[in-house]
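To keep things clear, I will list the structure first and then write my remarks on it.
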Amino acid sequence: MDTKLYDSAVIGGGLAGLTLAIQMADAGYSVILFEKEKYPFHKVCGEYISMESFDFLQRLGVPLASMNLPMINEVMISAPNGNTLTRKLDLGGFGVSRFALDSILAALAIKKGVIFLEEARVNAIRFSQNEFTIDTTLQNVRAKLAIGAYGKRSLLDRTLERKKIENPKNFIAVKYHVELDFPDNRIELHNFKDGYCGISKVDGEKYCLCYLTTAQNLRDNENDIKLMEKNVVMKNPFLKKYFTEAEFLCDKPLTISQISFGKKKVIESGVLMLGDAAGTIAPLCGNGMSMAMRSSHEAFQLIENYLKNEISRHELELRYEAQWNRLFSNRIRTGKALQYLFGAEALTNTVIATLKRLPTLADKLISLTHGNKF
Ligand SMILES: Cc1cc2nc3c(=O)[nH]c(=O)nc-3n(C[C@H](O)[C@H](O)[C@H](O)COP(=O)(O)OP(=O)(O)OC[C@H]3O[C@@H](n4cnc5c(N)ncnc54)[C@H](O)[C@@H]3O)c2cc1C
């Protein structure tokens with residue numbers, strides 16, 4: 001057991017955990033971060049980041065402006081029947097692979113003094129006598145604050161006895177990096193039966209092709225991804241073209257399963273949850289990454305107040321939860337509504353046809369999925 005009492009222990013080194021750890025280290029607090037994987041590593045993600053977090057990442061030290069990243073200002077959505085809707089994106093976004101971004105942030109965190117343990121899985125978090133004990137596969141540590149930034153799903157949910165995060169409709173997601181003749185400034189979202197696939201450019205001359213669909217779709221196709229792509233995904237004419245013409249840069253797809261969009265609690269057994277661990281947004285809204293970083297930005301300000309004894313632990317929890325709800329509840333609700341509208345083949349065909357006739361409504365819906373710069 002490490003006997004030091006850290007100001008904060010962060011569980012999970014994705015965007016929420018890394019950006020919180022960096023802010024805390026910048027302000028002179030002691031932080032230990034546990035990540036079960038080893039950097040750099042790939043993640044299943046569409047890799048389109050809305051511009052709202054561009055300045056924040058630059059302030060933390062990520063040199064985005066000099067990374068020659070694609071700037072994305074147009075979206076095209078297609079229905080399973082091939083009907084399309086194209087709109088300009090007011091705020092827009094940029095493309096960068098998680099392989100690159102997460103490892104840049106991890107290196108920054110180490111440089112700024114975060115104690116960083118890779119290949120360290122957190123198994124349990126206990127709270128007693130106003131401090132947390134974090135049990136990990138490498139060592140156990142003590143901290144004044146425990147931050148849950150472990151993403152959509154972790155065995156930790158079970159040890160924390162988190163309730164009601166299961167959802168009967170489970171999803172799976174698949175990602176490839178490909179080379180393709182495709183506009184740099186555009187993100188395309190193509191719907192197919194019970195799923196959708198996003199394509200946009202990232203760093204290097206490569207494109208991220210990532211889709212989400214129901215676990216049922218895979219089961220109906222003998223649990224064979226290639227068969228499902230042939231029988232279901234490629235029924236959309238755009239996806240048929242891309243899957244046929246693209247050069248796939250990896251031997252196998254990267255996959256995740258058991259994704260659920262059930263409601264989660266923002267504080268659990270005293271642990272402050274950030275990013276997907278506090279509430280997962282449907283990827284159709286394309287902004288889970290910015291929300292993860294925004295949650296760390298908001299949490300950090302309150303954590304500082306707590307560590308400076310300006311507010312109590314109880315006030316920290318109340319204020320963080322209120323702030324989370326103020327910033328994200330509507331976005332998560334919009335995400336769920338869109339997920340529903342784009343959930344079924346016939347409905348999606350109708351929605352696209354309607355939005356084409358009502359472009360102002362389409363723009364309003366798009367703006368609801370993007371937040372403000374921070
Ligand atoms: C198919 C799909 C496409 C998406 N596309 C986009 C998109 O284009 N744009 C966008 O903005 N968002 C997108 N998202 C959402 C986005 O990926 C997430 O919202 C974002 O990654 C959340 O960041 P996070 O830091 O909360 O979690 P994560 O990035 O998932 O990080 C959590 C980390 O915790 C680690 N961890 C887990 N358990 C433990 C443990 N017990 N101990 C130690 N470490 C642990 C994990 O290894 C992981 O590195 C997409 C999501 C999906 C599923």
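If you're wondering about the labels, chains in the structure tokens are A, B, ... by order shown, residues count from 1 in each chain, ligands from 1 in order shown.
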
Can you tell me, as a count of residues only, what residues are no more than 7 Å from Ser290 in chain A when counting only C-alpha atoms, ignoring any on the same chain fewer than 6 positions away?
4

Which residues are near Leu338 in chain A? Cut-off 9 Å, only C-alpha atoms, ignore same chain within fewer than 2 positions. Put them as number ranges by chain.
A: 282, 284-285, 333-336, 340-343, 365

Can I get the selection written as a PDB file, in the first residue's frame, with all heavy atoms?
```pdb
ATOM      1  N   ALA A 282     -25.830   8.961 -27.080  1.00  0.00           N
ATOM      2  CA  ALA A 282     -25.811   8.181 -28.326  1.00  0.00           C
ATOM      3  C   ALA A 282     -24.797   8.791 -29.279  1.00  0.00           C
ATOM      4  O   ALA A 282     -24.771  10.001 -29.472  1.00  0.00           O
ATOM      5  CB  ALA A 282     -27.197   8.205 -28.949  1.00  0.00           C
ATOM      6  N   LEU A 284     -24.697   9.082 -32.307  1.00  0.00           N
ATOM      7  CA  LEU A 284     -25.298   9.838 -33.404  1.00  0.00           C
ATOM      8  C   LEU A 284     -25.157  11.338 -33.159  1.00  0.00           C
ATOM      9  O   LEU A 284     -25.076  12.141 -34.072  1.00  0.00           O
ATOM     10  CB  LEU A 284     -26.780   9.470 -33.503  1.00  0.00           C
ATOM     11  CG  LEU A 284     -27.545  10.013 -34.687  1.00  0.00           C
ATOM     12  CD1 LEU A 284     -27.019   9.416 -35.975  1.00  0.00           C
ATOM     13  CD2 LEU A 284     -29.014   9.705 -34.549  1.00  0.00           C
ATOM     14  N   CYS A 285     -25.125  11.718 -31.870  1.00  0.00           N
ATOM     15  CA  CYS A 285     -24.978  13.134 -31.525  1.00  0.00           C
ATOM     16  C   CYS A 285     -23.532  13.575 -31.626  1.00  0.00           C
ATOM     17  O   CYS A 285     -23.243  14.769 -31.542  1.00  0.00           O
ATOM     18  CB  CYS A 285     -25.487  13.387 -30.118  1.00  0.00           C
ATOM     19  SG  CYS A 285     -27.242  13.224 -30.065  1.00  0.00           S
ATOM     20  N   ARG A 333     -31.056  13.815 -23.478  1.00  0.00           N
ATOM     21  CA  ARG A 333     -32.444  13.558 -23.906  1.00  0.00           C
ATOM     22  C   ARG A 333     -32.563  13.670 -25.430  1.00  0.00           C
ATOM     23  O   ARG A 333     -33.175  12.830 -26.079  1.00  0.00           O
ATOM     24  CB  ARG A 333     -33.389  14.560 -23.239  1.00  0.00           C
ATOM     25  CG  ARG A 333     -34.155  13.931 -22.068  1.00  0.00           C
ATOM     26  CD  ARG A 333     -35.382  14.733 -21.695  1.00  0.00           C
ATOM     27  NE  ARG A 333     -35.062  16.075 -21.256  1.00  0.00           N
ATOM     28  CZ  ARG A 333     -34.708  16.394 -20.019  1.00  0.00           C
ATOM     29  NH1 ARG A 333     -34.639  15.461 -19.091  1.00  0.00           N
ATOM     30  NH2 ARG A 333     -34.435  17.633 -19.675  1.00  0.00           N
ATOM     31  N   THR A 334     -31.949  14.731 -25.994  1.00  0.00           N
ATOM     32  CA  THR A 334     -31.997  14.895 -27.463  1.00  0.00           C
ATOM     33  C   THR A 334     -31.339  13.698 -28.141  1.00  0.00           C
ATOM     34  O   THR A 334     -31.837  13.165 -29.143  1.00  0.00           O
ATOM     35  CB  THR A 334     -31.239  16.185 -27.893  1.00  0.00           C
ATOM     36  OG1 THR A 334     -31.732  17.262 -27.141  1.00  0.00           O
ATOM     37  CG2 THR A 334     -31.414  16.471 -29.376  1.00  0.00           C
ATOM     38  N   GLY A 335     -30.214  13.263 -27.565  1.00  0.00           N
ATOM     39  CA  GLY A 335     -29.497  12.108 -28.120  1.00  0.00           C
ATOM     40  C   GLY A 335     -30.395  10.884 -28.142  1.00  0.00           C
ATOM     41  O   GLY A 335     -30.439  10.151 -29.134  1.00  0.00           O
ATOM     42  N   LYS A 336     -31.141  10.688 -27.050  1.00  0.00           N
ATOM     43  CA  LYS A 336     -32.027   9.507 -26.976  1.00  0.00           C
ATOM     44  C   LYS A 336     -33.140   9.617 -28.008  1.00  0.00           C
ATOM     45  O   LYS A 336     -33.509   8.632 -28.657  1.00  0.00           O
ATOM     46  CB  LYS A 336     -32.630   9.418 -25.576  1.00  0.00           C
ATOM     47  CG  LYS A 336     -31.634   8.920 -24.564  1.00  0.00           C
ATOM     48  CD  LYS A 336     -32.334   8.129 -23.451  1.00  0.00           C
ATOM     49  CE  LYS A 336     -31.287   7.542 -22.540  1.00  0.00           C
ATOM     50  NZ  LYS A 336     -31.112   8.253 -21.305  1.00  0.00           N
ATOM     51  N   TYR A 340     -33.832   7.187 -31.177  1.00  0.00           N
ATOM     52  CA  TYR A 340     -35.106   6.530 -31.437  1.00  0.00           C
ATOM     53  C   TYR A 340     -35.553   6.789 -32.887  1.00  0.00           C
ATOM     54  O   TYR A 340     -35.918   5.878 -33.619  1.00  0.00           O
ATOM     55  CB  TYR A 340     -36.159   7.039 -30.445  1.00  0.00           C
ATOM     56  CG  TYR A 340     -37.551   6.555 -30.742  1.00  0.00           C
ATOM     57  CD1 TYR A 340     -37.937   5.249 -30.436  1.00  0.00           C
ATOM     58  CD2 TYR A 340     -38.469   7.392 -31.372  1.00  0.00           C
ATOM     59  CE1 TYR A 340     -39.203   4.791 -30.742  1.00  0.00           C
ATOM     60  CE2 TYR A 340     -39.737   6.948 -31.690  1.00  0.00           C
ATOM     61  CZ  TYR A 340     -40.100   5.643 -31.367  1.00  0.00           C
ATOM     62  OH  TYR A 340     -41.363   5.203 -31.690  1.00  0.00           O
ATOM     63  N   LEU A 341     -35.461   8.094 -33.293  1.00  0.00           N
ATOM     64  CA  LEU A 341     -35.923   8.452 -34.643  1.00  0.00           C
ATOM     65  C   LEU A 341     -35.130   7.732 -35.728  1.00  0.00           C
ATOM     66  O   LEU A 341     -35.639   7.419 -36.793  1.00  0.00           O
ATOM     67  CB  LEU A 341     -35.796   9.964 -34.857  1.00  0.00           C
ATOM     68  CG  LEU A 341     -36.805  10.834 -34.123  1.00  0.00           C
ATOM     69  CD1 LEU A 341     -36.534  12.305 -34.396  1.00  0.00           C
ATOM     70  CD2 LEU A 341     -38.230  10.494 -34.548  1.00  0.00           C
ATOM     71  N   PHE A 342     -33.828   7.514 -35.422  1.00  0.00           N
ATOM     72  CA  PHE A 342     -32.997   6.857 -36.422  1.00  0.00           C
ATOM     73  C   PHE A 342     -32.858   5.359 -36.128  1.00  0.00           C
ATOM     74  O   PHE A 342     -31.963   4.706 -36.623  1.00  0.00           O
ATOM     75  CB  PHE A 342     -31.627   7.539 -36.504  1.00  0.00           C
ATOM     76  CG  PHE A 342     -31.712   8.900 -37.129  1.00  0.00           C
ATOM     77  CD1 PHE A 342     -31.791  10.033 -36.350  1.00  0.00           C
ATOM     78  CD2 PHE A 342     -31.763   9.032 -38.506  1.00  0.00           C
ATOM     79  CE1 PHE A 342     -31.898  11.293 -36.931  1.00  0.00           C
ATOM     80  CE2 PHE A 342     -31.870  10.293 -39.088  1.00  0.00           C
ATOM     81  CZ  PHE A 342     -31.938  11.420 -38.302  1.00  0.00           C
ATOM     82  N   GLY A 343     -33.789   4.864 -35.304  1.00  0.00           N
ATOM     83  CA  GLY A 343     -33.669   3.469 -34.883  1.00  0.00           C
ATOM     84  C   GLY A 343     -34.263   2.467 -35.848  1.00  0.00           C
ATOM     85  O   GLY A 343     -33.774   1.366 -35.994  1.00  0.00           O
ATOM     86  N   LEU A 365     -32.169  20.866 -34.755  1.00  0.00           N
ATOM     87  CA  LEU A 365     -31.819  19.575 -34.149  1.00  0.00           C
ATOM     88  C   LEU A 365     -30.308  19.399 -34.062  1.00  0.00           C
ATOM     89  O   LEU A 365     -29.763  18.961 -33.046  1.00  0.00           O
ATOM     90  CB  LEU A 365     -32.411  18.419 -34.960  1.00  0.00           C
ATOM     91  CG  LEU A 365     -33.878  18.101 -34.704  1.00  0.00           C
ATOM     92  CD1 LEU A 365     -34.351  17.009 -35.643  1.00  0.00           C
ATOM     93  CD2 LEU A 365     -34.077  17.665 -33.255  1.00  0.00           C
TER      94      LEU A 365
END
```

Contact table chain A vs ligand 1, cut-off 6 Å, shortest pair per residue, only C-alpha atoms and all ligand atoms, as a tab-separated table:
```
residue	atom	partner	partner_atom_place_in_ligand_line	distance
A:Ile11	CA	ligand 1	43 (C)	5.2
A:Gly12	CA	ligand 1	34 (O)	3.2
A:Gly13	CA	ligand 1	33 (C)	4.7
A:Gly14	CA	ligand 1	31 (O)	3.3
A:Leu15	CA	ligand 1	25 (O)	3.9
A:Ala16	CA	ligand 1	25 (O)	3.8
A:Gly17	CA	ligand 1	25 (O)	5.6
A:Phe34	CA	ligand 1	43 (C)	5.0
A:Glu35	CA	ligand 1	44 (N)	3.8
A:Lys36	CA	ligand 1	44 (N)	4.1
A:Glu37	CA	ligand 1	47 (O)	5.4
A:Val44	CA	ligand 1	1 (C)	5.9
A:Cys45	CA	ligand 1	4 (C)	3.8
A:Gly46	CA	ligand 1	8 (O)	3.2
A:Glu47	CA	ligand 1	8 (O)	4.2
A:Tyr48	CA	ligand 1	8 (O)	4.0
A:Ile49	CA	ligand 1	11 (O)	4.7
A:Ala120	CA	ligand 1	43 (C)	5.8
A:Arg121	CA	ligand 1	42 (N)	3.6
A:Val122	CA	ligand 1	42 (N)	3.9
A:Asn123	CA	ligand 1	41 (N)	5.7
A:Ala149	CA	ligand 1	26 (O)	5.4
A:Tyr150	CA	ligand 1	34 (O)	3.4
A:Gly151	CA	ligand 1	27 (O)	3.5
A:Lys152	CA	ligand 1	30 (O)	6.0
A:Ser154	CA	ligand 1	38 (N)	4.7
A:Leu156	CA	ligand 1	41 (N)	5.6
A:Ala173	CA	ligand 1	1 (C)	4.7
A:Cys210	CA	ligand 1	1 (C)	6.0
A:Tyr211	CA	ligand 1	1 (C)	5.5
A:Leu212	CA	ligand 1	1 (C)	5.0
A:Gly275	CA	ligand 1	26 (O)	3.4
A:Asp276	CA	ligand 1	26 (O)	3.9
A:Ala277	CA	ligand 1	26 (O)	5.8
A:Pro283	CA	ligand 1	50 (C)	4.4
A:Gly286	CA	ligand 1	9 (N)	4.0
A:Asn287	CA	ligand 1	11 (O)	3.3
A:Gly288	CA	ligand 1	19 (O)	3.1
A:Met289	CA	ligand 1	11 (O)	3.6
A:Ser290	CA	ligand 1	11 (O)	5.5
A:Ala292	CA	ligand 1	26 (O)	5.0
```

Residue contacts of Lys193 in chain A (8 Å, only C-alpha atoms) excluding same-chain residues fewer than 6 positions away, as a PDB file with N, CA and C atoms, in the first residue's frame:
```pdb
ATOM      1  N   PRO A  80     -31.796   4.646 -44.927  1.00  0.00           N
ATOM      2  CA  PRO A  80     -31.497   3.326 -45.501  1.00  0.00           C
ATOM      3  C   PRO A  80     -31.867   3.247 -46.980  1.00  0.00           C
ATOM      4  N   VAL A 232     -26.670  -6.482 -43.995  1.00  0.00           N
ATOM      5  CA  VAL A 232     -27.429  -5.377 -43.385  1.00  0.00           C
ATOM      6  C   VAL A 232     -26.793  -4.012 -43.674  1.00  0.00           C
ATOM      7  N   VAL A 233     -25.528  -3.851 -43.285  1.00  0.00           N
ATOM      8  CA  VAL A 233     -24.884  -2.533 -43.369  1.00  0.00           C
ATOM      9  C   VAL A 233     -24.827  -2.057 -44.819  1.00  0.00           C
ATOM     10  N   GLY A 343     -33.789   4.864 -35.304  1.00  0.00           N
ATOM     11  CA  GLY A 343     -33.669   3.469 -34.883  1.00  0.00           C
ATOM     12  C   GLY A 343     -34.263   2.467 -35.848  1.00  0.00           C
ATOM     13  N   ALA A 344     -35.333   2.844 -36.516  1.00  0.00           N
ATOM     14  CA  ALA A 344     -36.025   1.849 -37.350  1.00  0.00           C
ATOM     15  C   ALA A 344     -36.036   2.312 -38.811  1.00  0.00           C
ATOM     16  N   GLU A 345     -35.920   1.352 -39.699  1.00  0.00           N
ATOM     17  CA  GLU A 345     -35.716   1.647 -41.119  1.00  0.00           C
ATOM     18  C   GLU A 345     -36.769   2.602 -41.707  1.00  0.00           C
TER      19      GLU A 345
END
```

If DSSP is run on the backbone, what residues of range 168-336 of chain A are alpha helix (DSSP H)? A reply as an NGL selection string would be ideal.
:A and (215-219 or 225-231 or 237-245 or 288-307 or 313-336)

Sel. of strand (DSSP E or B) residues, range 181-371 of chain A, as number ranges by chain:
A: 186-192, 195-201, 207-214, 247-248, 254-259, 267-268, 271-273

Can you tell me how far CA of Asp194 in chain A sits from CA of Glu222 in chain A, in Å to one decimal?
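Straight-line distance from CA of Asp194 in chain A to CA of Glu222 in chain A works out to 16.5 Å.
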
Do you know which residues are at most 10 Å from range 18-21 of chain A counting only C-alpha atoms, after dropping those on the same chain fewer than 2 positions away, and could you put them as a PyMOL selection string?
chain A and resi 8-16+23-27+29-35+56-57+60+102-110+112-116+147+149+274+292-300

Calculate how many Å separate CA of Arg331 in chain A from CA of Lys364 in chain A, rounding to one decimal.
12.6 Å

Measuring atom to atom with only C-alpha atoms, identify which of A:Leu249, A:Ile125, A:Val178, A:Ile267 is nearest to Leu318 in chain A.
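Nearest candidate to Leu318 in chain A out of A:Leu249, A:Ile125, A:Val178, A:Ile267: A:Ile267.
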
Nearest to Leu160 in chain A, restricted to only C-alpha atoms and choosing among A:Cys197, A:Ile187, A:Met273, A:Leu69, comes out as A:Met273

I need the residue nearest Thr133 in chain A from this list: A:Thr214, A:Asn305, A:Thr3, A:Asn349. Use only C-alpha atoms for the distance.
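Closest residue, counting only C-alpha atoms: A:Thr3.
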
Just the residues within 8 Å of Leu316 in chain A, please, counting only C-alpha atoms, with nothing from its chain fewer than 6 positions along; format it as a PDB file with C-alpha atoms, in the first residue's frame.
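That gives us selection-v3.pdb:
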```
ATOM      1  CA  LEU A 302     -15.675  22.507  -7.758  1.00  0.00           C
ATOM      2  CA  ILE A 303     -12.900  20.118  -6.714  1.00  0.00           C
ATOM      3  CA  TYR A 306     -13.453  21.583  -1.973  1.00  0.00           C
TER       4      TYR A 306
END
```

Using only C-alpha atoms, which of the listed residues (A:Gly204, A:Pro183, A:Gly270, A:Gly93) sits closest to Lys373 in chain A?
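Comparing A:Gly204, A:Pro183, A:Gly270, A:Gly93 against Lys373 in chain A, the winner is A:Gly93.
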
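Among the candidates A:Ser260, A:Asn372, A:Asn191, A:Asn130, the one nearest to Asn236 in chain A when counting only C-alpha atoms is A:Asn191.
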
Please determine, counting only C-alpha atoms, which residue among A:Ser66, A:Val174, A:Lys264, A:Pro359 has the shortest atom-to-atom distance to Lys43 in chain A.
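Looking only at the distances to Lys43 in chain A, the closest residue turns out to be A:Val174.
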